[in-house]
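Content type compact mmCIF, C-alpha atoms, from the file work21.txt:
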# COMPACT_ATOMS: atom_id res chain seq x y z
CA ARG A 1174 64.33 6.07 30.23
CA ILE A 1175 63.42 2.37 30.14
CA ASP A 1176 62.12 2.40 33.71
CA ARG A 1177 59.28 4.63 32.53
CA CYS A 1178 58.19 1.99 30.01
CA LEU A 1179 58.28 -1.01 32.32
CA LYS A 1180 56.24 0.23 35.26
CA PRO A 1181 54.19 -2.60 36.76
CA THR A 1182 50.45 -2.25 36.34
CA ALA A 1183 47.61 -3.63 38.39
CA PRO A 1184 46.76 -7.08 36.99
CA THR A 1185 43.28 -7.87 35.75
CA PRO A 1186 41.75 -11.36 35.97
CA THR A 1187 42.80 -12.23 32.41
CA THR A 1188 46.20 -10.51 32.52
CA ALA A 1189 49.58 -12.15 32.97
CA THR A 1190 52.08 -10.25 35.06
CA THR A 1191 55.83 -10.05 35.27
CA THR A 1192 57.69 -8.49 38.16
CA ALA A 1193 59.42 -5.38 36.81
CA PRO A 1194 61.83 -3.91 39.37
CA VAL A 1195 63.30 -0.43 39.17
CA SER A 1196 66.24 -1.67 37.07
CA GLY A 1197 63.85 -2.39 34.20
CA PHE A 1198 64.72 -6.08 33.94
CA ALA A 1199 62.17 -8.77 34.77
CA LYS A 1200 63.38 -11.17 37.45
CA SER A 1201 60.74 -13.86 37.08
CA PRO A 1202 59.19 -15.60 34.07
CA VAL A 1203 55.86 -14.50 32.66
CA THR A 1204 53.04 -16.47 34.22
CA ASP A 1205 49.61 -16.81 32.70
CA GLY A 1206 46.49 -15.59 34.39
CA SER A 1207 43.52 -17.85 34.95
CA ALA A 1208 42.84 -19.74 31.73
CA THR A 1209 39.27 -19.60 30.50
CA ALA A 1210 37.42 -21.19 27.61
CA PHE A 1211 37.88 -18.85 24.63
CA THR A 1212 34.52 -17.73 23.30
CA GLU A 1213 33.25 -14.71 21.42
CA ALA A 1214 31.89 -13.31 24.70
CA VAL A 1215 35.38 -13.52 26.26
CA LEU A 1216 36.90 -11.68 23.28
CA LYS A 1217 34.20 -8.98 23.44
CA SER A 1218 34.85 -8.59 27.17
CA ALA A 1219 38.59 -8.06 26.56
CA LEU A 1220 37.86 -5.52 23.81
CA GLN A 1221 35.44 -3.70 26.12
CA GLN A 1222 38.02 -3.66 28.92
CA ALA A 1223 40.62 -2.05 26.65
CA TRP A 1224 38.08 0.42 25.24
CA SER A 1225 36.90 1.42 28.72
CA SER A 1226 40.52 2.26 29.59
CA GLY A 1227 40.87 4.57 26.59
CA GLY A 1228 42.09 2.08 24.00
CA GLU A 1229 41.03 1.81 20.37
CA THR A 1230 42.22 -1.74 19.71
CA ASP A 1231 42.92 -2.33 16.05
CA VAL A 1232 44.86 -5.62 16.12
CA ILE A 1233 44.00 -9.02 17.57
CA LEU A 1234 47.21 -11.06 17.69
CA CYS A 1235 47.11 -14.82 18.33
CA GLY A 1236 48.51 -18.21 17.41
CA PRO A 1237 46.96 -20.58 14.85
CA THR A 1238 44.66 -22.54 17.19
CA LEU A 1239 42.96 -19.46 18.59
CA TYR A 1240 42.95 -17.86 15.12
CA ASN A 1241 40.86 -20.80 13.91
CA THR A 1242 38.57 -20.39 16.92
CA ILE A 1243 38.03 -16.71 16.07
CA SER A 1244 37.38 -17.63 12.43
CA GLY A 1245 34.57 -19.88 13.65
CA PHE A 1246 32.75 -17.09 15.53
CA THR A 1247 29.38 -16.58 13.89
CA GLY A 1248 28.24 -13.20 15.19
CA ILE A 1249 26.51 -11.29 12.42
CA ALA A 1250 29.23 -11.81 9.83
CA THR A 1251 28.67 -13.00 6.30
CA ARG A 1252 31.22 -14.82 4.19
CA PHE A 1253 30.40 -13.30 0.83
CA ARG A 1254 32.80 -11.53 -1.48
CA ASP A 1255 31.98 -9.85 -4.77
CA VAL A 1256 33.50 -11.70 -7.70
CA GLY A 1257 33.68 -10.20 -11.17
CA SER A 1258 32.18 -12.06 -14.14
CA LYS A 1259 35.56 -13.28 -15.43
CA GLN A 1260 37.25 -13.78 -12.07
CA GLN A 1261 37.72 -17.00 -10.20
CA ALA A 1262 35.74 -17.38 -6.96
CA GLN A 1263 37.54 -17.81 -3.66
CA ILE A 1264 36.80 -20.26 -0.88
CA ILE A 1265 36.84 -18.34 2.38
CA GLY A 1266 37.83 -20.42 5.39
CA ALA A 1267 39.22 -17.80 7.76
CA ALA A 1268 38.44 -14.34 9.05
CA ASP A 1269 40.92 -11.50 8.75
CA VAL A 1270 38.80 -8.72 10.29
CA TYR A 1271 36.61 -8.86 13.37
CA VAL A 1272 34.09 -6.03 13.80
CA SER A 1273 32.76 -5.40 17.28
CA ALA A 1274 30.94 -2.57 19.00
CA PHE A 1275 34.42 -1.28 19.91
CA GLY A 1276 35.74 -0.96 16.36
CA SER A 1277 37.19 -2.94 13.51
CA HIS A 1278 40.07 -5.24 14.46
CA SER A 1279 42.54 -6.94 12.12
CA ILE A 1280 43.14 -10.53 13.17
CA MET A 1281 46.83 -11.28 12.79
CA LEU A 1282 48.32 -14.73 12.94
CA SER A 1283 51.66 -14.97 14.76
CA ARG A 1284 53.91 -17.99 14.94
CA TYR A 1285 55.56 -16.39 17.98
CA ALA A 1286 52.38 -15.96 20.04
CA ARG A 1287 51.74 -18.60 22.67
CA SER A 1288 49.00 -21.07 21.79
CA THR A 1289 46.95 -19.98 24.81
CA THR A 1290 47.22 -16.20 24.45
CA VAL A 1291 45.22 -13.59 22.54
CA PHE A 1292 46.41 -9.98 22.55
CA CYS A 1293 44.04 -7.12 21.76
CA LEU A 1294 46.39 -4.27 20.85
CA ASP A 1295 45.99 -0.57 20.25
CA MET A 1296 48.99 -0.06 18.00
CA LYS A 1297 49.02 3.71 18.63
CA THR A 1298 50.02 3.01 22.24
CA TRP A 1299 53.24 1.20 21.26
CA ARG A 1300 56.52 2.72 20.20
CA LEU A 1301 60.09 1.69 19.54
CA ASP A 1302 62.56 3.36 21.93
CA TYR A 1303 66.24 3.43 21.04
CA LEU A 1304 68.75 2.82 23.78
CA ARG A 1305 71.56 3.22 21.26
CA GLN A 1306 70.88 4.71 17.81
CA PHE A 1307 71.91 2.89 14.63
CA GLN A 1308 75.63 3.09 13.91
CA VAL A 1309 77.64 1.74 10.99
CA GLN A 1310 81.01 0.27 11.96
CA ASP A 1311 83.76 -1.13 9.79
CA ILE A 1312 84.68 -4.76 10.32
CA ALA A 1313 87.52 -6.91 8.97
CA LYS A 1314 88.32 -6.32 5.32
CA VAL A 1315 88.38 -9.42 3.10
CA GLY A 1316 90.11 -8.92 -0.23
CA ASP A 1317 88.53 -6.00 -2.07
CA ALA A 1318 85.31 -6.17 -0.09
CA ASP A 1319 84.54 -3.45 2.43
CA ARG A 1320 82.52 -5.04 5.22
CA LYS A 1321 80.38 -3.14 7.69
CA MET A 1322 77.97 -3.95 10.47
CA LEU A 1323 74.91 -2.17 11.80
CA LEU A 1324 74.78 -1.72 15.54
CA ALA A 1325 71.72 -0.63 17.54
CA GLU A 1326 69.85 -1.34 20.75
CA TRP A 1327 66.13 -0.82 21.05
CA THR A 1328 63.16 -1.85 23.10
CA LEU A 1329 59.41 -1.95 22.64
CA CYS A 1330 57.58 0.43 24.97
CA CYS A 1331 53.87 0.55 25.73
CA LYS A 1332 52.74 4.13 26.40
CA ALA A 1333 49.33 3.06 27.77
CA PRO A 1334 49.28 -0.57 29.01
CA LEU A 1335 45.61 -0.50 30.06
CA ALA A 1336 44.55 0.46 26.53
CA ASN A 1337 45.50 -3.09 25.49
CA ALA A 1338 44.12 -6.43 26.68
CA LYS A 1339 45.31 -9.99 26.99
CA VAL A 1340 43.24 -13.14 27.25
CA THR A 1341 44.70 -16.40 28.51
CA ALA A 1342 42.53 -19.09 27.04
CA VAL A 1343 42.06 -22.75 26.40
CA SER A 1344 40.74 -23.29 22.91

Just dump the structure as structure tokens.
Amino acid sequence: RIDRCLKPTAPTPTTATTTAPVSGFAKSPVTDGSATAFTEAVLKSALQQAWSSGGETDVILCGPTLYNTISGFTGIATRFRDVGSKQQAQIIGAADVYVSAFGSHSIMLSRYARSTTVFCLDMKTWRLDYLRQFQVQDIAKVGDADRKMLLAEWTLCCKAPLANAKVTAVS
């Protein structure tokens, strides 16, 4: 079942690849593709690539440095927000939505994303596959307390890898 999820795909110029043998386990570390200067044109190109392959990207996932770069894109955006007469105004210093010709994309900050990587994800193409369903097992009793543990094994599976895009960038 996992072999179906980890089939190698043809790399694109901005895609990192990992060797995925039949066993389903990668045997080499992930290597970045060719790093490029991260601009709005590069982001639009990645979104177009995913859209052309059938994707409807709705999430842009990146680390803090590239998040700040995206927040600085001018495009045709305005930074105005309606404020009621008795409400306090907000200072807006970051973008949380990027609208392109290919849809509206939530920009999500991740402390786990590499500082040189931007992912353009179509969340409908991802699913959680269970290798072992959740089980509740008893563990050592301490006094009057009944102790239990949850046991499960799962993996993240991409149903349509080409519907997503990755940019390796220098900010």

Axis-aligned box for all listed atoms of segment 1289-1292 of chain A, 8 Å per side, centre and edges in Å to one decimal, as JSON:
{"center_x": 46.2, "center_y": -15.0, "center_z": 23.7, "size_x": 18.0, "size_y": 26.0, "size_z": 18.3}

Original post:
Got a sec: who's within 9 Å of Met1281 of chain A, counting only C-alpha atoms, leaving out chain neighbours fewer than 4 positions off, as a list in words?
Top reply: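 With the cut-off at 9 Å, the set is Val1232, Ile1233, Leu1234, Cys1235, Gly1236, Tyr1240, Asp1269 and Val1270 of chain A.
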
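Closest approach to Gly1245 of chain A among A:Ala1223, A:Leu1323, A:Ala1268, A:Val1315: A:Ala1268, based on only C-alpha atoms.
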
**OP:** May I ask for the distance between atom CA of Ile1280 of chain A and atom CA of Leu1335 of chain A, given in Å to one decimal place?
**Re:** 19.8 Å

Original post:
What separation in Å, quoted to one decimal, exists between atom CA of Ala1267 of chain A and atom CA of Leu1282 of chain A?
Top reply: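 Those two atoms sit 10.9 Å apart.
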
**OP:** Go ahead and compute the interatomic distance for atom CA of Gln1260 of chain A and atom CA of Pro1237 of chain A, in Å to one decimal.
**Re:**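 Separating atom CA of Gln1260 of chain A from atom CA of Pro1237 of chain A is a distance of 29.4 Å.
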
**OP:** Go through A:Gly1276, A:Leu1220, A:Thr1242, A:Gly1257 and flag the residue nearest Thr1289 of chain A, using only C-alpha atoms for the distances.
**Re:**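 Counting only C-alpha atoms, the residue closest to Thr1289 of chain A is A:Thr1242.
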
Subject >> Counting all atoms listed in the file, the option among A:Lys1217, A:Arg1305, A:Lys1339, A:His1278 closest to Thr1290 of chain A >> reply: A:Lys1339

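Nearest to Glu1213 of chain A of all the residues A:Gln1308, A:Ser1244, A:Thr1341, A:Thr1298 is A:Ser1244, counting only C-alpha atoms.
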
Subject >> Among listed residues A:Asn1241, A:Phe1246, A:Met1296, A:Arg1287, nearest Ala1214 of chain A (using all atoms listed in the file) >> reply: A:Phe1246
